[in-house]
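Data block below; observations after.
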Amino acid sequence: MKKGWLVWLAVPALLLGCSQSNDYDTTTLDRTSLEMRAGDVQTVYVTSGNPDKVVWRSANEFVATVDRGQIKALRIGSTRVWANSAAVAVTVKGRYDLYDEPMTGLRWGMTREELVAKLGFPDGVVGNVLTYNMESATTSFLSYEFDADMRLTGASVSVSKGFSDELEAFLGERYLQITSEGRPDQQYIDALTVTDASVVVTRASYDDLYWLVTYRDITSYAWQ
């Protein structure tokens, strides 16, 4: 008699497990891809499955977060937003294109000869720093710093203080600010934590007219 009761008790539990599995595997959404701008908020809707049993998550919360289908675009990049087993490919683009970042097409640790081969001969050389003049209302120069072994460890760009608001927005939609607003300089990283970051970006005053935005490989950065 007891065995019969155990069988009957096991059946509802088995059916409940199947229901939960079906909720997970049969969830579908109203779209499979989404393009957004940093700062945008858009909502993705469940079209099949039980909306009350959907677990939402973003694969890369540096780029975008999600709360019950409401996706908030934070920074430039791509991620996948999951609703149980269904996913939306999310691409976040920027609103500001203030300047070409100095490490575009380059890599940390490259030699000075390799950099010159890519960018051409510099306009100035002071010690281990190469400088390239810029003909732009936004920027006045690029510079690249090398260590004692002539390996690239830092890159800087000067940005006119007339574009201060745009610069703040430009950096904010690409990096996470990790210093308080009250500091004269600002530091940013390219991840949600220092442990996961590969680059540190510092914005500091260069003179009365320009900011200096410096990019450094995080492994060679001296924290202050």
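Residue numbers start at 1 in each chain; chains themselves are named A, B, ... in the order of the structure tokens; ligands are numbered from 1 in the order shown.
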Step one, run DSSP on the backbone; step two, keep only residues of region 75-217 of chain A assigned to strand (DSSP E or B); then write them as a ChimeraX atom specification.
/A:77-83,86-93,111,124-126,129-133,139-146,151-160,176-177,186-189,199-205,210-217
Using only C-alpha atoms, tabulate the residues of region 57-109 of chain A lying at most 10 Å from any atom of region 188-198 of chain A, each with its closest atom pair and that distance in Å to one decimal, by chain and increasing residue number, as JSON lines.
{"residue": "A:Asn60", "atom": "CA", "partner": "A:Leu192", "partner_atom": "CA", "distance": 9.4}
{"residue": "A:Glu61", "atom": "CA", "partner": "A:Leu192", "partner_atom": "CA", "distance": 7.9}
{"residue": "A:Phe62", "atom": "CA", "partner": "A:Leu192", "partner_atom": "CA", "distance": 5.8}
{"residue": "A:Val63", "atom": "CA", "partner": "A:Ala191", "partner_atom": "CA", "distance": 9.1}
{"residue": "A:Arg75", "atom": "CA", "partner": "A:Asp190", "partner_atom": "CA", "distance": 9.7}
Write out, as an mmCIF file, in the first residue's frame, the residues just selected, with all heavy atoms.
data_model
loop_
_atom_site.group_PDB
_atom_site.id
_atom_site.type_symbol
_atom_site.label_atom_id
_atom_site.label_comp_id
_atom_site.auth_asym_id
_atom_site.auth_seq_id
_atom_site.Cartn_x
_atom_site.Cartn_y
_atom_site.Cartn_z
ATOM 1 N N ASN A 60 26.635 40.281 -20.805
ATOM 2 C CA ASN A 60 27.688 41.286 -20.615
ATOM 3 C C ASN A 60 27.052 42.555 -20.062
ATOM 4 O O ASN A 60 26.597 43.422 -20.818
ATOM 5 C CB ASN A 60 28.403 41.562 -21.932
ATOM 6 C CG ASN A 60 29.605 42.467 -21.773
ATOM 7 O OD1 ASN A 60 29.814 43.057 -20.709
ATOM 8 N ND2 ASN A 60 30.413 42.600 -22.808
ATOM 9 N N GLU A 61 27.036 42.683 -18.744
ATOM 10 C CA GLU A 61 26.387 43.834 -18.118
ATOM 11 C C GLU A 61 27.208 45.109 -18.223
ATOM 12 O O GLU A 61 26.724 46.172 -17.852
ATOM 13 C CB GLU A 61 26.069 43.515 -16.660
ATOM 14 C CG GLU A 61 24.992 42.445 -16.521
ATOM 15 C CD GLU A 61 24.457 42.333 -15.114
ATOM 16 O OE1 GLU A 61 25.191 42.713 -14.165
ATOM 17 O OE2 GLU A 61 23.315 41.881 -14.964
ATOM 18 N N PHE A 62 28.427 45.022 -18.710
ATOM 19 C CA PHE A 62 29.188 46.232 -19.029
ATOM 20 C C PHE A 62 28.521 46.960 -20.192
ATOM 21 O O PHE A 62 28.521 48.186 -20.256
ATOM 22 C CB PHE A 62 30.624 45.858 -19.402
ATOM 23 C CG PHE A 62 31.505 47.030 -19.746
ATOM 24 C CD1 PHE A 62 32.068 47.808 -18.752
ATOM 25 C CD2 PHE A 62 31.785 47.341 -21.070
ATOM 26 C CE1 PHE A 62 32.892 48.895 -19.059
ATOM 27 C CE2 PHE A 62 32.599 48.423 -21.394
ATOM 28 C CZ PHE A 62 33.151 49.204 -20.383
ATOM 29 N N VAL A 63 27.947 46.203 -21.112
ATOM 30 C CA VAL A 63 27.315 46.761 -22.308
ATOM 31 C C VAL A 63 25.854 47.093 -22.069
ATOM 32 O O VAL A 63 25.384 48.187 -22.412
ATOM 33 C CB VAL A 63 27.459 45.779 -23.492
ATOM 34 C CG1 VAL A 63 26.667 46.263 -24.708
ATOM 35 C CG2 VAL A 63 28.921 45.607 -23.853
ATOM 36 N N ARG A 75 26.971 50.906 -22.614
ATOM 37 C CA ARG A 75 28.227 51.257 -23.285
ATOM 38 C C ARG A 75 28.342 50.532 -24.614
ATOM 39 O O ARG A 75 27.691 49.515 -24.845
ATOM 40 C CB ARG A 75 29.417 50.921 -22.382
ATOM 41 C CG ARG A 75 29.376 51.654 -21.059
ATOM 42 C CD ARG A 75 30.456 51.195 -20.112
ATOM 43 N NE ARG A 75 30.198 51.751 -18.781
ATOM 44 C CZ ARG A 75 29.448 51.144 -17.863
ATOM 45 N NH1 ARG A 75 28.911 49.954 -18.121
ATOM 46 N NH2 ARG A 75 29.250 51.714 -16.693
#
Restricting the calculation to only C-alpha atoms, which member of A:Leu212, A:Met134, A:Val126, A:Met36 is positioned closest to Lys93 (chain A)?
A:Met36
Go through region 96-191 of chain A and collect every residue that DSSP, computed from the backbone, puts in helix (DSSP H, G or I); the answer should be as a PyMOL selection string.
chain A and resi 112-119+161-172
Selection file, N, CA, C and O atoms, as a CSV table (one decimal), in the first residue's frame:
chain,number,residue,atom,x,y,z
A,112,ARG,N,58.7,50.2,-31.1
A,112,ARG,CA,58.7,51.5,-31.7
A,112,ARG,C,58.7,51.4,-33.2
A,112,ARG,O,58.1,52.2,-33.9
A,113,GLU,N,59.6,50.5,-33.7
A,113,GLU,CA,59.7,50.4,-35.1
A,113,GLU,C,58.4,49.9,-35.8
A,113,GLU,O,58.0,50.4,-36.8
A,114,GLU,N,57.7,49.0,-35.1
A,114,GLU,CA,56.4,48.6,-35.6
A,114,GLU,C,55.4,49.7,-35.6
A,114,GLU,O,54.6,49.8,-36.6
A,115,LEU,N,55.4,50.6,-34.6
A,115,LEU,CA,54.4,51.7,-34.6
A,115,LEU,C,54.7,52.7,-35.7
A,115,LEU,O,53.8,53.1,-36.4
A,116,VAL,N,56.0,53.0,-35.9
A,116,VAL,CA,56.4,53.9,-36.9
A,116,VAL,C,56.0,53.4,-38.3
A,116,VAL,O,55.6,54.1,-39.2
A,117,ALA,N,56.2,52.0,-38.5
A,117,ALA,CA,55.8,51.4,-39.7
A,117,ALA,C,54.3,51.6,-40.0
A,117,ALA,O,53.9,51.7,-41.2
A,118,LYS,N,53.5,51.7,-39.0
A,118,LYS,CA,52.0,51.8,-39.2
A,118,LYS,C,51.6,53.3,-39.3
A,118,LYS,O,50.8,53.6,-40.1
A,119,LEU,N,52.2,54.2,-38.5
A,119,LEU,CA,51.8,55.6,-38.4
A,119,LEU,C,52.7,56.5,-39.2
A,119,LEU,O,52.3,57.7,-39.4
A,161,LYS,N,39.4,71.8,-24.4
A,161,LYS,CA,38.5,72.0,-23.4
A,161,LYS,C,37.2,72.6,-23.8
A,161,LYS,O,36.2,72.6,-23.1
A,162,GLY,N,37.1,73.1,-25.0
A,162,GLY,CA,35.9,73.5,-25.6
A,162,GLY,C,34.9,72.4,-25.9
A,162,GLY,O,33.7,72.6,-26.1
A,163,PHE,N,35.4,71.1,-25.8
A,163,PHE,CA,34.6,69.9,-26.0
A,163,PHE,C,34.5,69.1,-24.7
A,163,PHE,O,34.4,67.9,-24.8
A,164,SER,N,34.6,69.8,-23.6
A,164,SER,CA,34.6,69.0,-22.3
A,164,SER,C,33.4,68.2,-22.1
A,164,SER,O,33.5,67.0,-21.7
A,165,ASP,N,32.2,68.7,-22.4
A,165,ASP,CA,31.0,67.9,-22.2
A,165,ASP,C,31.0,66.7,-23.1
A,165,ASP,O,30.6,65.6,-22.7
A,166,GLU,N,31.3,66.9,-24.4
A,166,GLU,CA,31.4,65.9,-25.3
A,166,GLU,C,32.4,64.8,-24.9
A,166,GLU,O,32.2,63.6,-25.1
A,167,LEU,N,33.5,65.2,-24.4
A,167,LEU,CA,34.6,64.3,-24.0
A,167,LEU,C,34.1,63.4,-22.8
A,167,LEU,O,34.3,62.2,-22.8
A,168,GLU,N,33.4,64.0,-21.9
A,168,GLU,CA,32.8,63.2,-20.8
A,168,GLU,C,31.9,62.2,-21.3
A,168,GLU,O,31.9,61.0,-20.8
A,169,ALA,N,31.0,62.6,-22.2
A,169,ALA,CA,30.0,61.6,-22.8
A,169,ALA,C,30.7,60.6,-23.6
A,169,ALA,O,30.4,59.4,-23.6
A,170,PHE,N,31.7,61.0,-24.4
A,170,PHE,CA,32.5,60.1,-25.3
A,170,PHE,C,33.1,59.0,-24.4
A,170,PHE,O,33.0,57.8,-24.8
A,171,LEU,N,33.8,59.3,-23.3
A,171,LEU,CA,34.4,58.3,-22.5
A,171,LEU,C,33.4,57.5,-21.7
A,171,LEU,O,33.6,56.3,-21.6
A,172,GLY,N,32.3,58.1,-21.3
A,172,GLY,CA,31.3,57.4,-20.5
A,172,GLY,C,30.6,56.3,-21.3
A,172,GLY,O,30.1,55.4,-20.7
Which residues are near Thr43 (chain A)? Cut-off 8 Å, only C-alpha atoms, ignore same chain within fewer than 3 positions. Put them as a list of chain:residue names.
A:Gly69, A:Gln70, A:Ile71
